[in-house]
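J.: Let me begin by handing over the structure; questions about it come next.
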Amino acid sequence: MKWPIVQSAVLLLTVFGIHVSTGYETSKPFNFPDDDPYYPPAVPFANNPKAPPPIIITTITTPKIPAQPTPFAQVSPQVFSSVYDGCDGTKGCLGYPASCIQQRSCSALVTFAQKGQRNEFELWATKSTDNSFVAVGLSEDDKMGDDSVTECTVVNGRVNVYMSQNDATKTNVRLPNPTEGLNVISTTFSDGNLYCKFERTSQFVLGGKKLDASQNQKFFLLLARGPASNGGLSYHGSEKTVSDRSLKLSETGAVGASKGTLVKLHGIFMVTAWMLAASCGLLLARYYKLTWVGQQIMGKDLWFVYHAILMMVTWTLTMIAFILIFSELGGWTSIPANENPHAVIGLITTLLAFIQPIMAYFRPHPDGPRRYIFNWAHWLVGKAAHVLGVVCIFLAVGLDKAAIPYWVTWLIVVYSVIYILSHIILTLSQCFMHAPWRPRPTTSMAMKDMLPPRESYQDSLNLAKNKEDAYGSQFRRVYLFFYVLLVTSFSIAVIATIAKAPWPKQ
């Protein structure tokens, strides 16, 4: 009788423990020394003969705006809004998040245009803070690694443009001469708007190959923003996007952002499998064996048919989701398990799910002397897979690739509470309704078939002969209806959030 309570307590403690200890990795402030040879230390302009010249600020609409004496000069919001002008046909544009260009609500934006043997770019990020960057990368594929990067950075209040490269390990390394091939037209950092307009040479070397962006060479555009320091760029987190196709830099118009379809499908399939199908299938197998007694499909009890269908849906979606994410990543994830064990737990969940139908195929007869051994093994593997599957979904919220808001965590927590309470309610109701003083007592209880004696099986046979449900069947049916309704609602909410990704970082 204590099994459901112990099991429920383990699941609740697991989910809440991870909720407390897991979340987004918050960027910490950087305190780097001002010894960058390409970036002089921050010093007051007044009475300092070595101070760098003031940054010249212009607008997109006219070059006649006079230069201001400080990088924090106030610039009209209309000037930044005009960056969108031309995205409908005179220049190319890629923004984050998706569809922000049409709404003029981008958190980060890059525009590009062909200017003879050079390419003109604009980089813009809103709600920026000091020591941050917005950057564009040119890549031969849609993944980070071996990319030519141009950075628009603000460090210690000074805006500058640098060239860097993402190496094969996805580490950003600033070039030895980071301003070579660059012609900076204007830079601005005002009211949280970080903006750079510049030209860069069309010819460059990438991955040991000489490329020319002024010809027919096509590239994927990588756009990202994040923290920066004198030493270079730090990890951008989830605020990134990539063009949905390779393109020439002479193309014009808004460029579609990659929707991360495989990642979304992976998440949607896993949520459907473990939050919806598996939770309903497990509940049916545990509490509904003596419900719909005498009703069969192809010689199998109705509860078993429902259970088998739901668990096969779980198995199929899990295997497909596993293949999809490996296809997207091209192998194992680069995120260490000590930072986020999502991948490791996901692998264990998939392996446990994979062996479940194999175990079920070789199960002994219900009246067999070793049936209880199979029942224990089947229950332990299935329950472990379900708990780990929910935990894995929980951990996915903190992944940059998922790009979903942190409040989804609370949807999963509420779902877990509903699932645990359902076990407690159905267990207590079973104890009460099957007690000796009830009108129709029975010794058949959930988990009774985990013991060597076979009273539960005999009880089922007796009830089946009379085509009679165990007492309390009507309550269980009504409860199942509302349980499925609630679980489906929360699952759909999580699925809709995944489908809408990427969400702006909160």
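In the structure tokens, the first chain shown is A, the next is B, and so on; residue numbers restart at 1 for each chain, and ligands run from 1 in the order shown.
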Excluding range 121-133 of chain A and residues on its chain fewer than 6 positions from it, collect all residues at most 7 Å away from it, counting only C-alpha atoms, and give them as a short mmCIF file (atom, residue, chain, number, x, y, z; two decimals) with N, CA and C atoms, in the first residue's frame.
T.:
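Full text of result.cif as output:
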data_model
loop_
_atom_site.label_atom_id
_atom_site.label_comp_id
_atom_site.auth_asym_id
_atom_site.auth_seq_id
_atom_site.Cartn_x
_atom_site.Cartn_y
_atom_site.Cartn_z
N SER A 107 15.41 42.12 -31.66
CA SER A 107 16.37 42.28 -30.58
C SER A 107 17.78 42.42 -31.13
N ALA A 108 18.03 41.80 -32.28
CA ALA A 108 19.30 41.92 -32.99
C ALA A 108 19.01 41.90 -34.48
N LEU A 109 19.80 42.66 -35.23
CA LEU A 109 19.55 42.78 -36.67
C LEU A 109 20.87 42.97 -37.40
N VAL A 110 21.00 42.33 -38.57
CA VAL A 110 22.11 42.58 -39.46
C VAL A 110 21.55 42.88 -40.84
N THR A 111 22.08 43.92 -41.48
CA THR A 111 21.74 44.22 -42.87
C THR A 111 23.02 44.12 -43.69
N PHE A 112 22.85 43.80 -44.97
CA PHE A 112 24.04 43.62 -45.82
C PHE A 112 23.70 44.05 -47.25
N ALA A 113 24.73 44.56 -47.94
CA ALA A 113 24.57 45.02 -49.32
C ALA A 113 25.92 44.92 -50.03
N GLU A 151 32.48 41.63 -35.48
CA GLU A 151 31.87 41.98 -34.19
C GLU A 151 31.64 43.49 -34.09
N CYS A 152 30.52 43.84 -33.54
CA CYS A 152 30.27 45.21 -33.11
C CYS A 152 30.20 45.15 -31.58
N THR A 153 31.22 45.69 -30.91
CA THR A 153 31.33 45.53 -29.46
C THR A 153 31.33 46.89 -28.76
N VAL A 154 30.82 46.89 -27.53
CA VAL A 154 30.96 48.04 -26.66
C VAL A 154 31.58 47.53 -25.35
N VAL A 155 32.76 48.02 -25.05
CA VAL A 155 33.49 47.62 -23.84
C VAL A 155 33.98 48.88 -23.16
N ASN A 156 33.65 49.00 -21.88
CA ASN A 156 34.02 50.20 -21.13
C ASN A 156 33.53 51.47 -21.81
N GLY A 157 32.35 51.37 -22.44
CA GLY A 157 31.74 52.54 -23.04
C GLY A 157 32.21 52.89 -24.42
N GLY A 192 20.81 52.06 -24.80
CA GLY A 192 20.70 50.62 -24.96
C GLY A 192 20.80 50.14 -26.39
N ASN A 193 20.96 51.04 -27.34
CA ASN A 193 21.10 50.67 -28.74
C ASN A 193 22.57 50.60 -29.11
N LEU A 194 23.02 49.43 -29.50
CA LEU A 194 24.39 49.24 -29.98
C LEU A 194 24.33 49.09 -31.49
N TYR A 195 25.04 49.98 -32.20
CA TYR A 195 24.92 50.04 -33.66
C TYR A 195 26.29 50.26 -34.29
N CYS A 196 26.56 49.51 -35.35
CA CYS A 196 27.79 49.68 -36.13
C CYS A 196 27.46 49.55 -37.61
N LYS A 197 28.02 50.45 -38.38
CA LYS A 197 27.93 50.37 -39.84
C LYS A 197 29.35 50.34 -40.38
N PHE A 198 29.62 49.38 -41.25
CA PHE A 198 31.01 49.21 -41.72
C PHE A 198 31.02 48.48 -43.05
N GLU A 199 32.16 48.52 -43.68
CA GLU A 199 32.42 47.73 -44.88
C GLU A 199 33.56 46.76 -44.58
N ARG A 225 24.15 37.77 -30.25
CA ARG A 225 24.50 38.85 -29.33
C ARG A 225 24.79 38.23 -27.97
N GLY A 226 25.58 38.96 -27.15
CA GLY A 226 25.94 38.43 -25.85
C GLY A 226 26.95 39.32 -25.16
N PRO A 227 27.59 38.82 -24.11
CA PRO A 227 28.58 39.61 -23.37
C PRO A 227 29.93 39.65 -24.08
N ALA A 228 30.66 40.74 -23.86
CA ALA A 228 32.00 40.91 -24.46
C ALA A 228 32.93 41.52 -23.42
N SER A 229 34.21 41.41 -23.69
CA SER A 229 35.24 42.00 -22.83
C SER A 229 36.40 42.44 -23.69
#
J.: What's around Thr150 in chain A at 9 Å? Count only C-alpha atoms, leave out sequence neighbours fewer than 4 positions away in its own chain, and write the answer as an NGL selection string.
T.: :A and (134-138 or 161-165 or 200)
J.: Generate the output file for the selected residues, C-alpha atoms, as a compact mmCIF listing (two decimals), in the first residue's frame.
T.:
# COMPACT_ATOMS: atom_id res chain seq x y z
CA VAL A 134 26.29 41.88 -31.63
CA ALA A 135 28.04 39.95 -34.40
CA VAL A 136 27.49 38.38 -37.79
CA GLY A 137 29.25 35.27 -39.07
CA LEU A 138 29.69 33.99 -42.61
CA VAL A 161 34.40 46.77 -34.89
CA TYR A 162 36.68 43.72 -34.98
CA MET A 163 37.27 40.69 -37.14
CA SER A 164 37.41 37.26 -35.56
CA GLN A 165 36.86 33.62 -36.41
CA ARG A 200 34.60 44.64 -45.06
J.: Hey, what does DSSP flag as alpha helix (DSSP H) within range 100-236 of chain A? Can you give it to me as a ChimeraX atom specification?
T.: /A:100-103
J.: Among range 153-266 of chain A, which ones does DSSP assign to strand (DSSP E or B) (computed from the backbone)? Answer as a CSV table (one decimal) with C-alpha atoms, in the first residue's frame.
T.:
chain,number,residue,atom,x,y,z
A,153,THR,CA,31.3,45.5,-29.5
A,154,VAL,CA,31.0,48.0,-26.7
A,155,VAL,CA,33.5,47.6,-23.8
A,158,ARG,CA,33.7,52.4,-26.3
A,159,VAL,CA,32.3,51.0,-29.5
A,160,ASN,CA,34.5,49.2,-32.0
A,161,VAL,CA,34.4,46.8,-34.9
A,162,TYR,CA,36.7,43.7,-35.0
A,163,MET,CA,37.3,40.7,-37.1
A,164,SER,CA,37.4,37.3,-35.6
A,165,GLN,CA,36.9,33.6,-36.4
A,166,ASN,CA,35.0,30.7,-34.9
A,172,ASN,CA,35.7,32.5,-31.1
A,173,VAL,CA,39.3,33.8,-31.6
A,174,ARG,CA,40.0,37.4,-32.6
A,182,LEU,CA,37.5,46.9,-42.3
A,183,ASN,CA,36.2,50.4,-43.1
A,184,VAL,CA,34.2,51.6,-40.1
A,185,ILE,CA,31.6,54.1,-41.2
A,186,SER,CA,29.8,54.9,-38.0
A,187,THR,CA,29.3,53.4,-34.5
A,188,THR,CA,26.8,54.3,-31.7
A,189,PHE,CA,25.9,53.2,-28.2
A,190,SER,CA,23.0,55.1,-27.0
A,193,ASN,CA,21.1,50.7,-28.7
A,194,LEU,CA,24.4,49.2,-30.0
A,195,TYR,CA,24.9,50.0,-33.7
A,196,CYS,CA,27.8,49.7,-36.1
A,197,LYS,CA,27.9,50.4,-39.8
A,198,PHE,CA,31.0,49.2,-41.7
A,199,GLU,CA,32.4,47.7,-44.9
A,200,ARG,CA,34.6,44.6,-45.1
A,201,THR,CA,36.6,43.2,-47.9
A,203,GLN,CA,37.9,38.3,-50.1
A,204,PHE,CA,38.9,36.3,-47.0
A,205,VAL,CA,40.3,33.0,-45.9
A,206,LEU,CA,38.0,30.5,-44.2
A,209,LYS,CA,40.1,28.2,-48.3
A,210,LYS,CA,40.2,31.5,-50.1
A,211,LEU,CA,36.6,32.8,-50.5
A,212,ASP,CA,35.2,35.8,-52.3
A,219,PHE,CA,27.0,31.7,-47.2
A,220,PHE,CA,24.8,31.1,-44.2
A,221,LEU,CA,24.5,34.1,-42.0
A,222,LEU,CA,24.9,33.6,-38.3
A,223,LEU,CA,23.6,36.4,-36.0
A,224,ALA,CA,24.2,36.5,-32.3
A,225,ARG,CA,24.5,38.8,-29.3
A,226,GLY,CA,25.9,38.4,-25.8
A,227,PRO,CA,28.6,39.6,-23.4
A,228,ALA,CA,32.0,40.9,-24.5
A,229,SER,CA,35.2,42.0,-22.8
A,232,GLY,CA,36.9,39.1,-27.0
A,233,LEU,CA,33.5,37.6,-27.2
A,240,LYS,CA,21.2,33.7,-31.8
A,241,THR,CA,19.8,32.7,-35.2
A,242,VAL,CA,20.9,31.5,-38.6
A,243,SER,CA,19.5,32.1,-42.0
A,247,LEU,CA,22.7,33.1,-49.9
A,253,GLY,CA,15.0,41.6,-48.8
A,254,ALA,CA,14.3,40.0,-45.5
A,257,ALA,CA,15.6,32.6,-40.0
J.: Select, from A:Phe490, A:Leu347, A:Pro405, A:Trp410, the residue with the minimum atom-to-atom distance to Ser238 in chain A, counting only C-alpha atoms.
T.: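 Smallest distance to Ser238 in chain A is found for A:Pro405.
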J.: Have a look at CA of Ser246 in chain A and CA of Ala499 in chain A and let me know their distance in Å, one decimal.
T.: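 Taking CA of Ser246 in chain A and CA of Ala499 in chain A, their separation equals 23.4 Å.
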J.: Env of Thr261 in chain A: 10 Å cut, atoms = only C-alpha atoms, seq-sep filter 6 positions within chain, self excluded. Answer as number ranges by chain.
T.: A: 267, 324, 328, 499, 501
J.: Just give me the gap between CA of Leu428 in chain A and CA of Val381 in chain A in Å, one decimal is fine.
T.: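 Here the two named atoms are 24.4 Å from each other.
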J.: Please report the interatomic distance between CA of Val494 in chain A and CA of Tyr96 in chain A in Å with one decimal.
T.: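 If I compute the distance from CA of Val494 in chain A to CA of Tyr96 in chain A, I get 21.8 Å.
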J.: So that I can check the surroundings of range 352-354 of chain A, please list as JSON, numbers by chain every protein, DNA and RNA residue that reaches within 12 Å of it, counting only C-alpha atoms and ignoring chain neighbours fewer than 3 positions away.
T.: {"A": [270, 273, 274, 278, 311, 312, 313, 314, 315, 316, 317, 318, 319, 320, 322, 345, 346, 347, 348, 349, 357, 358, 359, 360, 377, 378, 379, 380, 381, 382, 383, 384, 385, 386, 387, 388, 389]}
J.: With only C-alpha atoms as the counted atoms, please give the residues lying no more than 9 Å from Lys115 in chain A, apart from itself and same-chain residues fewer than 3 positions off, as number ranges by chain.
T.: A: 118-120, 199, 214, 250
J.: Using only C-alpha atoms, find the one residue out of A:Thr171, A:Ala470, A:Cys392, A:Asp142 that sits nearest to Thr350 in chain A.
T.: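 Smallest distance to Thr350 in chain A is found for A:Cys392.
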J.: Residues within 9 Å of Tyr483 in chain A, please, as an NGL selection string. Count only C-alpha atoms; anything in the same chain fewer than 3 positions from it doesn't count.
T.: :A and (280 or 418-419 or 422 or 478-480 or 486-488)
J.: Looking at A:Ala98, A:Gly86, A:Trp503, A:Arg476, which one is nearest to Leu284 in chain A, with distances taken over only C-alpha atoms?
T.: A:Arg476
J.: Of the residues A:Arg370, A:Arg363, A:Lys289, A:Lys401, which is the one nearest to Ile335 in chain A, using only C-alpha atoms?
T.: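 Closest candidate: A:Lys401.
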